[in-house]
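**Q** Structure file entry_24.csv (CSV, C-alpha atoms) is given on the next line.
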```
chain,number,residue,atom,x,y,z
A,10,MET,CA,-5.6,-14.3,59.8
A,11,ARG,CA,-5.2,-16.9,57.1
A,12,GLY,CA,-8.1,-18.6,55.7
A,13,VAL,CA,-10.8,-16.6,54.2
A,14,MET,CA,-10.9,-16.6,50.5
A,15,ALA,CA,-9.3,-15.2,47.5
A,16,ALA,CA,-10.3,-12.2,45.6
A,17,VAL,CA,-10.4,-12.0,42.0
A,18,ALA,CA,-10.7,-9.7,39.1
A,19,GLY,CA,-12.6,-10.3,36.0
A,20,MET,CA,-12.0,-12.1,32.9
A,21,VAL,CA,-14.4,-14.6,31.8
A,22,LEU,CA,-12.1,-17.2,30.8
A,23,VAL,CA,-10.0,-16.8,27.9
A,24,VAL,CA,-8.5,-20.0,28.9
A,25,VAL,CA,-6.1,-23.3,28.2
A,26,LEU,CA,-6.6,-24.0,31.0
A,27,LEU,CA,-4.4,-24.3,29.8
A,28,THR,CA,-2.8,-23.7,26.7
A,29,GLY,CA,0.2,-24.7,28.4
A,30,VAL,CA,0.3,-25.7,31.9
A,31,THR,CA,2.1,-28.6,33.7
A,32,SER,CA,3.8,-28.7,37.0
A,33,ALA,CA,6.7,-26.4,36.1
A,34,LEU,CA,7.6,-23.2,37.9
A,35,LEU,CA,6.6,-19.9,36.3
A,36,ASP,CA,10.2,-19.1,35.4
A,37,GLY,CA,11.0,-22.6,34.5
A,38,SER,CA,10.8,-24.5,31.3
A,39,LEU,CA,7.7,-26.3,30.0
A,40,PRO,CA,8.1,-28.4,26.8
A,41,GLY,CA,6.0,-26.9,24.1
A,42,ALA,CA,4.7,-24.0,26.0
A,43,PRO,CA,4.9,-20.5,24.4
A,44,THR,CA,6.6,-17.8,26.4
A,45,GLY,CA,4.3,-15.8,28.7
A,46,ARG,CA,1.9,-18.4,29.8
A,47,PRO,CA,1.2,-19.1,33.5
A,48,ARG,CA,3.3,-22.2,33.5
A,49,ASP,CA,3.6,-22.6,37.3
A,50,ILE,CA,0.0,-23.6,37.7
A,51,PRO,CA,-0.5,-27.4,37.6
A,52,PRO,CA,-3.2,-28.5,35.2
A,53,ARG,CA,-5.4,-29.8,38.0
A,54,TYR,CA,-5.3,-26.6,39.9
A,55,LEU,CA,-5.9,-24.4,36.9
A,56,ALA,CA,-9.0,-26.4,36.1
A,57,LEU,CA,-10.2,-25.9,39.6
A,58,TYR,CA,-9.5,-22.2,39.7
A,59,VAL,CA,-11.4,-21.7,36.4
A,60,LYS,CA,-14.4,-23.8,37.4
A,61,ALA,CA,-14.6,-22.4,40.9
A,62,ALA,CA,-14.4,-18.8,39.7
A,63,GLU,CA,-17.5,-19.5,37.6
A,64,THR,CA,-19.5,-20.0,40.8
A,65,CYS,CA,-19.0,-16.4,41.9
A,66,PRO,CA,-20.0,-13.4,39.7
A,67,GLY,CA,-17.2,-10.9,39.4
A,68,LEU,CA,-14.5,-13.4,40.5
A,69,GLY,CA,-11.9,-14.1,37.8
A,70,TRP,CA,-9.8,-17.2,37.9
A,71,PRO,CA,-6.4,-15.2,37.8
A,72,LEU,CA,-7.1,-13.8,41.3
A,73,LEU,CA,-8.2,-17.1,42.7
A,74,ALA,CA,-5.1,-18.7,41.2
A,75,ALA,CA,-2.9,-15.9,42.7
A,76,ILE,CA,-4.2,-16.6,46.1
A,77,GLY,CA,-3.3,-20.3,45.6
A,78,LYS,CA,0.1,-19.3,44.5
A,79,VAL,CA,0.9,-17.0,47.4
A,80,GLU,CA,-0.8,-19.1,50.0
A,81,SER,CA,0.7,-22.5,49.2
A,82,GLY,CA,2.5,-22.5,45.9
A,83,HIS,CA,-0.5,-24.3,44.4
A,84,GLY,CA,-0.6,-27.0,47.0
A,85,THR,CA,3.2,-27.5,47.5
A,86,LYS,CA,3.0,-26.1,51.1
A,87,THR,CA,-0.2,-27.0,52.8
A,88,GLY,CA,0.7,-26.2,56.4
A,89,PRO,CA,0.0,-25.8,59.2
A,90,SER,CA,1.3,-22.3,59.1
A,91,LEU,CA,2.6,-20.5,62.2
A,92,ALA,CA,-0.9,-19.2,62.7
A,93,GLY,CA,-2.5,-22.7,62.2
A,94,ALA,CA,-3.8,-22.3,58.7
A,95,LEU,CA,-4.1,-25.5,56.7
A,96,GLY,CA,-4.5,-26.8,53.1
A,97,PRO,CA,-3.9,-25.5,49.6
A,98,MET,CA,-5.8,-22.3,50.2
A,99,GLN,CA,-4.6,-21.9,53.8
A,100,PHE,CA,-7.8,-21.8,55.8
A,101,MET,CA,-8.0,-21.2,59.5
A,102,PRO,CA,-10.0,-24.0,61.0
A,103,ALA,CA,-12.7,-21.6,62.3
A,104,THR,CA,-13.1,-20.0,58.8
A,105,TRP,CA,-13.2,-23.5,57.2
A,106,LYS,CA,-16.0,-24.5,59.6
A,107,ALA,CA,-18.1,-21.5,58.4
A,108,TYR,CA,-17.3,-21.6,54.7
A,109,GLY,CA,-15.8,-25.0,53.8
A,110,ILE,CA,-17.7,-27.0,51.2
A,111,ASP,CA,-17.5,-30.3,49.3
A,112,GLY,CA,-16.1,-29.1,46.0
A,113,ASP,CA,-15.7,-32.5,44.3
A,114,SER,CA,-18.9,-34.1,45.7
A,115,ASP,CA,-17.1,-37.0,47.4
A,116,GLY,CA,-19.3,-36.7,50.4
A,117,ARG,CA,-17.1,-34.6,52.7
A,118,ALA,CA,-15.5,-31.1,52.9
A,119,ASP,CA,-11.8,-31.7,53.5
A,120,ILE,CA,-9.6,-28.6,54.2
A,121,MET,CA,-6.6,-30.5,52.6
A,122,ASN,CA,-8.5,-31.5,49.4
A,123,PRO,CA,-7.6,-29.1,46.5
A,124,ALA,CA,-11.1,-29.2,45.0
A,125,ASP,CA,-12.8,-28.5,48.4
A,126,ALA,CA,-10.3,-25.8,49.3
A,127,VAL,CA,-10.5,-23.9,46.0
A,128,PHE,CA,-14.3,-23.9,45.8
A,129,SER,CA,-14.5,-22.9,49.4
A,130,ALA,CA,-12.2,-20.0,48.7
A,131,ALA,CA,-14.5,-18.8,45.9
A,132,ARG,CA,-17.4,-19.1,48.2
A,133,TYR,CA,-15.7,-17.0,50.9
A,134,LEU,CA,-14.6,-14.4,48.4
A,135,CYS,CA,-18.2,-14.0,47.2
A,136,ALA,CA,-19.3,-13.6,50.8
A,137,SER,CA,-16.6,-11.0,51.3
A,138,GLY,CA,-17.9,-8.9,48.4
A,139,VAL,CA,-15.1,-9.5,45.9
A,140,ASP,CA,-17.3,-8.2,43.1
A,141,ARG,CA,-17.6,-4.8,45.0
A,142,ASP,CA,-14.1,-4.4,46.5
A,143,VAL,CA,-11.3,-6.8,45.6
A,144,ARG,CA,-8.8,-5.3,47.9
A,145,GLN,CA,-11.1,-5.5,50.9
A,146,ALA,CA,-12.0,-9.1,50.1
A,147,LEU,CA,-8.3,-10.0,49.9
A,148,PHE,CA,-7.7,-8.2,53.2
A,149,ALA,CA,-10.4,-10.3,54.8
A,150,TYR,CA,-8.6,-13.4,53.5
A,151,ASN,CA,-5.3,-12.4,55.1
A,152,HIS,CA,-5.1,-9.2,57.2
A,153,SER,CA,-2.1,-7.7,55.6
A,154,TRP,CA,-2.0,-4.9,52.9
A,155,GLU,CA,1.4,-6.2,51.8
A,156,TYR,CA,-0.3,-9.6,51.2
A,157,VAL,CA,-3.1,-7.8,49.2
A,158,ASP,CA,-0.5,-6.1,47.0
A,159,ARG,CA,1.4,-9.3,46.4
A,160,VAL,CA,-1.7,-11.3,45.4
A,161,LEU,CA,-2.8,-8.5,43.1
A,162,ALA,CA,0.6,-8.4,41.4
A,163,VAL,CA,0.6,-12.2,40.8
A,164,ALA,CA,-3.0,-12.0,39.5
A,165,GLU,CA,-2.0,-9.3,37.1
A,166,ARG,CA,0.9,-11.4,35.8
A,167,TYR,CA,-1.5,-14.4,35.3
A,168,ARG,CA,-4.0,-12.1,33.6
A,169,ARG,CA,-1.4,-10.7,31.2
A,170,ALA,CA,-0.1,-14.2,30.3
A,171,SER,CA,-3.6,-15.5,29.8
A,172,VAL,CA,-4.4,-12.9,27.2
A,173,VAL,CA,-1.8,-14.5,25.0
A,174,ALA,CA,-1.7,-18.0,26.2
A,175,LEU,CA,-5.2,-19.1,27.1
A,176,PRO,CA,-7.9,-20.5,24.8
A,177,PRO,CA,-11.0,-18.5,24.3
A,178,THR,CA,-13.6,-20.6,26.1
A,179,VAL,CA,-14.1,-22.6,29.2
A,180,VAL,CA,-14.6,-25.7,27.1
A,181,ALA,CA,-11.3,-25.3,25.4
A,182,ALA,CA,-9.6,-24.8,28.7
A,183,ARG,CA,-11.0,-28.0,30.2
A,184,VAL,CA,-10.3,-30.0,27.0
A,185,ILE,CA,-6.6,-28.9,27.0
A,186,ALA,CA,-6.3,-29.4,30.8
A,187,TYR,CA,-7.5,-33.0,30.4
A,188,ALA,CA,-5.2,-33.7,27.5
A,189,ARG,CA,-2.2,-32.3,29.4
A,190,ALA,CA,-2.9,-34.6,32.3
A,191,GLN,CA,-2.5,-37.6,29.9
A,192,LEU,CA,1.0,-36.7,28.7
A,193,GLY,CA,3.3,-39.6,28.8
A,194,LYS,CA,0.6,-42.3,28.8
A,195,PRO,CA,1.1,-45.0,26.1
A,196,TYR,CA,-0.6,-45.2,22.7
A,197,ARG,CA,-2.7,-48.2,22.2
A,198,TRP,CA,-5.0,-48.6,19.2
A,199,GLY,CA,-8.7,-48.6,20.2
A,200,ALA,CA,-8.0,-47.3,23.8
A,201,ASP,CA,-9.8,-44.4,25.3
A,202,GLY,CA,-8.3,-44.2,28.7
A,203,PRO,CA,-7.6,-44.0,31.5
A,204,HIS,CA,-4.3,-45.7,31.2
A,205,ALA,CA,-3.7,-45.6,27.4
A,206,PHE,CA,-5.2,-43.8,24.4
A,207,ASP,CA,-5.3,-43.8,20.6
A,208,CYS,CA,-5.6,-40.4,18.9
A,209,SER,CA,-9.4,-40.2,18.7
A,210,GLY,CA,-9.9,-41.8,22.1
A,211,LEU,CA,-7.9,-39.0,23.6
A,212,THR,CA,-9.8,-36.3,21.8
A,213,MET,CA,-13.2,-37.9,22.7
A,214,ARG,CA,-12.3,-38.2,26.4
A,215,ALA,CA,-10.9,-34.6,26.5
A,216,TYR,CA,-14.1,-33.2,25.3
A,217,GLN,CA,-16.1,-35.5,27.5
A,218,ALA,CA,-14.1,-34.1,30.5
A,219,ALA,CA,-15.5,-30.7,29.4
A,220,GLY,CA,-19.0,-32.0,29.4
A,221,ILE,CA,-19.2,-32.4,25.6
A,222,THR,CA,-20.0,-35.6,23.7
A,223,ILE,CA,-18.3,-36.1,20.4
A,224,PRO,CA,-18.0,-39.2,18.2
A,225,ARG,CA,-15.4,-41.9,19.0
A,226,VAL,CA,-13.6,-42.3,15.7
A,227,THR,CA,-11.5,-39.8,13.8
A,228,TYR,CA,-13.5,-39.9,10.6
A,229,ASP,CA,-16.7,-38.9,12.5
A,230,GLN,CA,-15.0,-36.2,14.5
A,231,TRP,CA,-13.8,-34.6,11.2
A,232,ARG,CA,-17.5,-34.3,10.2
A,233,ARG,CA,-18.7,-33.1,13.7
A,234,GLY,CA,-17.8,-29.4,13.7
A,235,VAL,CA,-17.0,-26.3,11.6
A,236,HIS,CA,-13.9,-26.4,9.3
A,237,VAL,CA,-11.5,-23.6,10.1
A,238,PRO,CA,-9.1,-22.0,7.6
A,239,ARG,CA,-5.3,-22.3,8.3
A,240,GLY,CA,-4.2,-19.2,10.3
A,241,GLN,CA,-7.6,-18.9,12.1
A,242,GLU,CA,-7.2,-22.0,14.3
A,243,LYS,CA,-7.3,-21.6,18.1
A,244,PRO,CA,-6.4,-23.6,21.1
A,245,GLY,CA,-9.0,-26.3,21.7
A,246,ASP,CA,-9.6,-26.9,17.9
A,247,LEU,CA,-8.8,-30.3,16.5
A,248,ALA,CA,-6.2,-30.8,13.8
A,249,PHE,CA,-6.5,-33.6,11.3
A,250,PHE,CA,-3.9,-35.5,9.3
A,251,ARG,CA,-3.4,-38.4,6.9
A,252,MET,CA,-6.4,-38.4,4.6
A,253,GLU,CA,-7.7,-41.9,4.0
A,254,SER,CA,-10.7,-43.3,2.1
A,255,LYS,CA,-13.2,-42.6,4.9
A,256,GLY,CA,-11.6,-39.4,6.1
A,257,PRO,CA,-8.5,-38.2,8.1
A,258,GLY,CA,-6.8,-41.0,10.0
A,259,HIS,CA,-5.2,-39.0,12.8
A,260,VAL,CA,-6.2,-36.1,15.1
A,261,GLY,CA,-4.7,-33.9,17.7
A,262,ILE,CA,-5.8,-31.1,20.1
A,263,LEU,CA,-4.3,-27.6,19.5
A,264,ILE,CA,-2.8,-25.9,22.5
A,265,GLY,CA,-1.4,-22.8,20.9
A,266,GLY,CA,2.0,-21.8,19.6
A,267,GLY,CA,1.8,-24.1,16.6
A,268,GLN,CA,1.6,-27.1,18.8
A,269,MET,CA,-0.8,-29.9,19.7
A,270,ILE,CA,-1.3,-32.8,22.1
A,271,HIS,CA,-1.8,-36.1,20.4
A,272,ALA,CA,-1.4,-39.9,20.8
A,273,PRO,CA,0.8,-40.6,17.8
A,274,GLN,CA,1.3,-44.3,17.2
A,275,THR,CA,2.0,-47.7,18.6
A,276,GLY,CA,5.2,-47.7,20.7
A,277,ASP,CA,4.8,-44.0,21.4
A,278,VAL,CA,3.1,-41.9,24.2
A,279,VAL,CA,0.7,-39.0,24.4
A,280,ARG,CA,2.9,-36.0,23.7
A,281,ILE,CA,3.2,-32.4,22.5
A,282,ALA,CA,4.2,-31.9,18.9
A,283,SER,CA,4.3,-29.2,16.2
A,284,TYR,CA,1.8,-29.5,13.4
A,285,GLY,CA,2.7,-26.7,11.0
A,286,GLN,CA,5.3,-28.6,9.0
A,287,ARG,CA,3.5,-31.9,8.6
A,288,THR,CA,3.0,-32.8,5.0
A,289,ASP,CA,0.0,-35.0,5.7
A,290,PHE,CA,-2.1,-32.1,7.2
A,291,VAL,CA,-5.8,-32.2,6.2
A,292,GLY,CA,-7.5,-29.4,8.2
A,293,PHE,CA,-8.8,-27.9,11.4
A,294,VAL,CA,-12.2,-28.4,13.0
A,295,ARG,CA,-13.8,-26.3,15.7
A,296,LEU,CA,-16.6,-28.0,17.4
A,297,THR,CA,-19.8,-26.0,17.2
A,298,MET,CA,-20.4,-25.7,20.9
A,299,MET,CA,-17.1,-23.8,21.4
```
For this file, write the structure as structure tokens.
**A**
Amino acid sequence: MRGVMAAVAGMVLVVVLLTGVTSALLDGSLPGAPTGRPRDIPPRYLALYVKAAETCPGLGWPLLAAIGKVESGHGTKTGPSLAGALGPMQFMPATWKAYGIDGDSDGRADIMNPADAVFSAARYLCASGVDRDVRQALFAYNHSWEYVDRVLAVAERYRRASVVALPPTVVAARVIAYARAQLGKPYRWGADGPHAFDCSGLTMRAYQAAGITIPRVTYDQWRRGVHVPRGQEKPGDLAFFRMESKGPGHVGILIGGGQMIHAPQTGDVVRIASYGQRTDFVGFVRLTMM
């Protein structure tokens, strides 16, 4: 019986979101992503899994994501199934009626809406006692022990990958998720989205998406946090370049593996790039709230 919610095992979010996640399949290629990260999870879905898991004590995002993978391929197959299940998390209509919620606060609970579906899945898993018995909660979601084993296997794969690939905090995960969603958008000096960015406009908006307010310009961002020695930088930290009279003139967001997301210059687009060999490197900053 499809449609009850996903079960999850613990891990408080050692995340990137996404230190490397776009819409590529797990075994496919993702430009700039180190090996071993859960690359099949689209940034939007990873952000939802992470945030929704926080609403249920004992529910880890890898298990919630594993259900999304097994049920719909993270929203690529939304039904109806042969049993009549619908949406990214494959709810039966009766189960949705009992547990469906408005996850994105748009005024309605829509079984086909990824935010609503993922948050509703977390709600159902909580009600099913995922913190006490993960296997039983998964069986409630879909009455098949083969299904339970499959979901747990995918969750373990995500968990192993995240130990290497994901940033250490929820804030870092959301920052990187936002930055990845802007890849390919044009650079425009003075722009801070949503259709174009300059370097500090991108970093400001990325942190804003994580609920953190930072200064607008690069010089002030350089002075905002704690300076981190080379070799101790982490995903979500800011990397600064090209020292000028007032301070560094360029900034990017670290995503791991010696890479960053940045908005380079006029005529270019938001992209992933290596930072280790740049001769104009100034330093790293970790914002104090991270």
**Q** Which of these residues is nearest to Val143 of chain A, using all atoms listed in the file: A:Asp201, A:Glu63, A:Asp246, A:Asp158?
**A**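 So, comparing all the options, the nearest one is A:Asp158.
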**Q** Could you check the closest approach to Gly138 of chain A for each of A:Pro203, A:Arg287, A:Leu68, A:Arg53 and tell me which residue wins, using all atoms listed in the file?
**A** A:Leu68
**Q** Have a look at A:Gln241, A:Met98, A:Pro52, A:Leu72 and name the one nearest to Ile185 of chain A; count all atoms listed in the file.
**A**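 Distance minimum relative to Ile185 of chain A lands on A:Pro52.
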**Q** With all atoms listed in the file as the atoms that count, which of A:Ala248, A:Ala61, A:Ile262, A:Leu161 lies nearest to Leu211 of chain A?
**A**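 Checking each of A:Ala248, A:Ala61, A:Ile262, A:Leu161 against Leu211 of chain A, counting all atoms listed in the file, the winner is A:Ile262.
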**Q** So how far away is atom CA of Asp49 of chain A from atom CA of Met269 of chain A, in Å?
**A** 19.6 Å
**Q** Would you be able to write out as a PDB file with C-alpha atoms, in the coordinates of the input which residues have an atom within 12 Å of (-5.1, -30.5, 50.3) in the file's coordinates, counting all atoms listed in the file?
**A**
```
ATOM      1  CA  TYR A  54      -5.300 -26.600  39.900  1.00  0.00           C
ATOM      2  CA  GLY A  77      -3.300 -20.300  45.600  1.00  0.00           C
ATOM      3  CA  SER A  81       0.700 -22.500  49.200  1.00  0.00           C
ATOM      4  CA  GLY A  82       2.500 -22.500  45.900  1.00  0.00           C
ATOM      5  CA  HIS A  83      -0.500 -24.300  44.400  1.00  0.00           C
ATOM      6  CA  GLY A  84      -0.600 -27.000  47.000  1.00  0.00           C
ATOM      7  CA  THR A  85       3.200 -27.500  47.500  1.00  0.00           C
ATOM      8  CA  LYS A  86       3.000 -26.100  51.100  1.00  0.00           C
ATOM      9  CA  THR A  87      -0.200 -27.000  52.800  1.00  0.00           C
ATOM     10  CA  GLY A  88       0.700 -26.200  56.400  1.00  0.00           C
ATOM     11  CA  PRO A  89       0.000 -25.800  59.200  1.00  0.00           C
ATOM     12  CA  ALA A  94      -3.800 -22.300  58.700  1.00  0.00           C
ATOM     13  CA  LEU A  95      -4.100 -25.500  56.700  1.00  0.00           C
ATOM     14  CA  GLY A  96      -4.500 -26.800  53.100  1.00  0.00           C
ATOM     15  CA  PRO A  97      -3.900 -25.500  49.600  1.00  0.00           C
ATOM     16  CA  MET A  98      -5.800 -22.300  50.200  1.00  0.00           C
ATOM     17  CA  GLN A  99      -4.600 -21.900  53.800  1.00  0.00           C
ATOM     18  CA  PHE A 100      -7.800 -21.800  55.800  1.00  0.00           C
ATOM     19  CA  GLY A 112     -16.100 -29.100  46.000  1.00  0.00           C
ATOM     20  CA  ALA A 118     -15.500 -31.100  52.900  1.00  0.00           C
ATOM     21  CA  ASP A 119     -11.800 -31.700  53.500  1.00  0.00           C
ATOM     22  CA  ILE A 120      -9.600 -28.600  54.200  1.00  0.00           C
ATOM     23  CA  MET A 121      -6.600 -30.500  52.600  1.00  0.00           C
ATOM     24  CA  ASN A 122      -8.500 -31.500  49.400  1.00  0.00           C
ATOM     25  CA  PRO A 123      -7.600 -29.100  46.500  1.00  0.00           C
ATOM     26  CA  ALA A 124     -11.100 -29.200  45.000  1.00  0.00           C
ATOM     27  CA  ASP A 125     -12.800 -28.500  48.400  1.00  0.00           C
ATOM     28  CA  ALA A 126     -10.300 -25.800  49.300  1.00  0.00           C
ATOM     29  CA  VAL A 127     -10.500 -23.900  46.000  1.00  0.00           C
TER      30      VAL A 127
END
```
**Q** Please list as a PyMOL selection string every residue within 10 Å of Thr64 of chain A, counting only C-alpha atoms and excluding residues in the same chain fewer than 5 positions away.
**A** chain A and resi 59+128+131-132+135
**Q** When you count all atoms listed in the file, which of these residues is closest to Tyr187 of chain A: A:Met213, A:Ala282, A:Met101, A:Ile110?
**A**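 Of A:Met213, A:Ala282, A:Met101, A:Ile110, the one nearest Tyr187 of chain A, counting all atoms listed in the file, is A:Met213.
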**Q** Which one of A:Phe249, A:Val163, A:Val279, A:Thr104 sits closest to Ile50 of chain A if you count only C-alpha atoms?
**A**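 Smallest separation from Ile50 of chain A among the options: A:Val163.
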**Q** Kindly give the distance, in Å, that separates atom CA of Thr222 of chain A and atom CA of Phe206 of chain A, rounded to a single decimal.
**A**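 Spanning atom CA of Thr222 of chain A to atom CA of Phe206 of chain A is a straight-line distance of 16.9 Å.
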**Q** Mind giving me the straight-line distance from atom CA of Phe293 of chain A to atom CA of Leu247 of chain A in Å, one decimal?
**A**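 Atom CA of Phe293 of chain A sits 5.6 Å away from atom CA of Leu247 of chain A.
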**Q** Using only C-alpha atoms, which residues sit within 7 Å of Pro195 of chain A once same-chain residues fewer than 2 positions away are excluded, as a PyMOL selection string?
**A** chain A and resi 193+197+205-206+277-279
**Q** Counting only C-alpha atoms, I want the residues whose atoms come within 10 Å of (-3.2, -33.9, 32.6) in the file frame, returned as a PyMOL selection string.
**A** chain A and resi 30-32+51-53+184-194+215
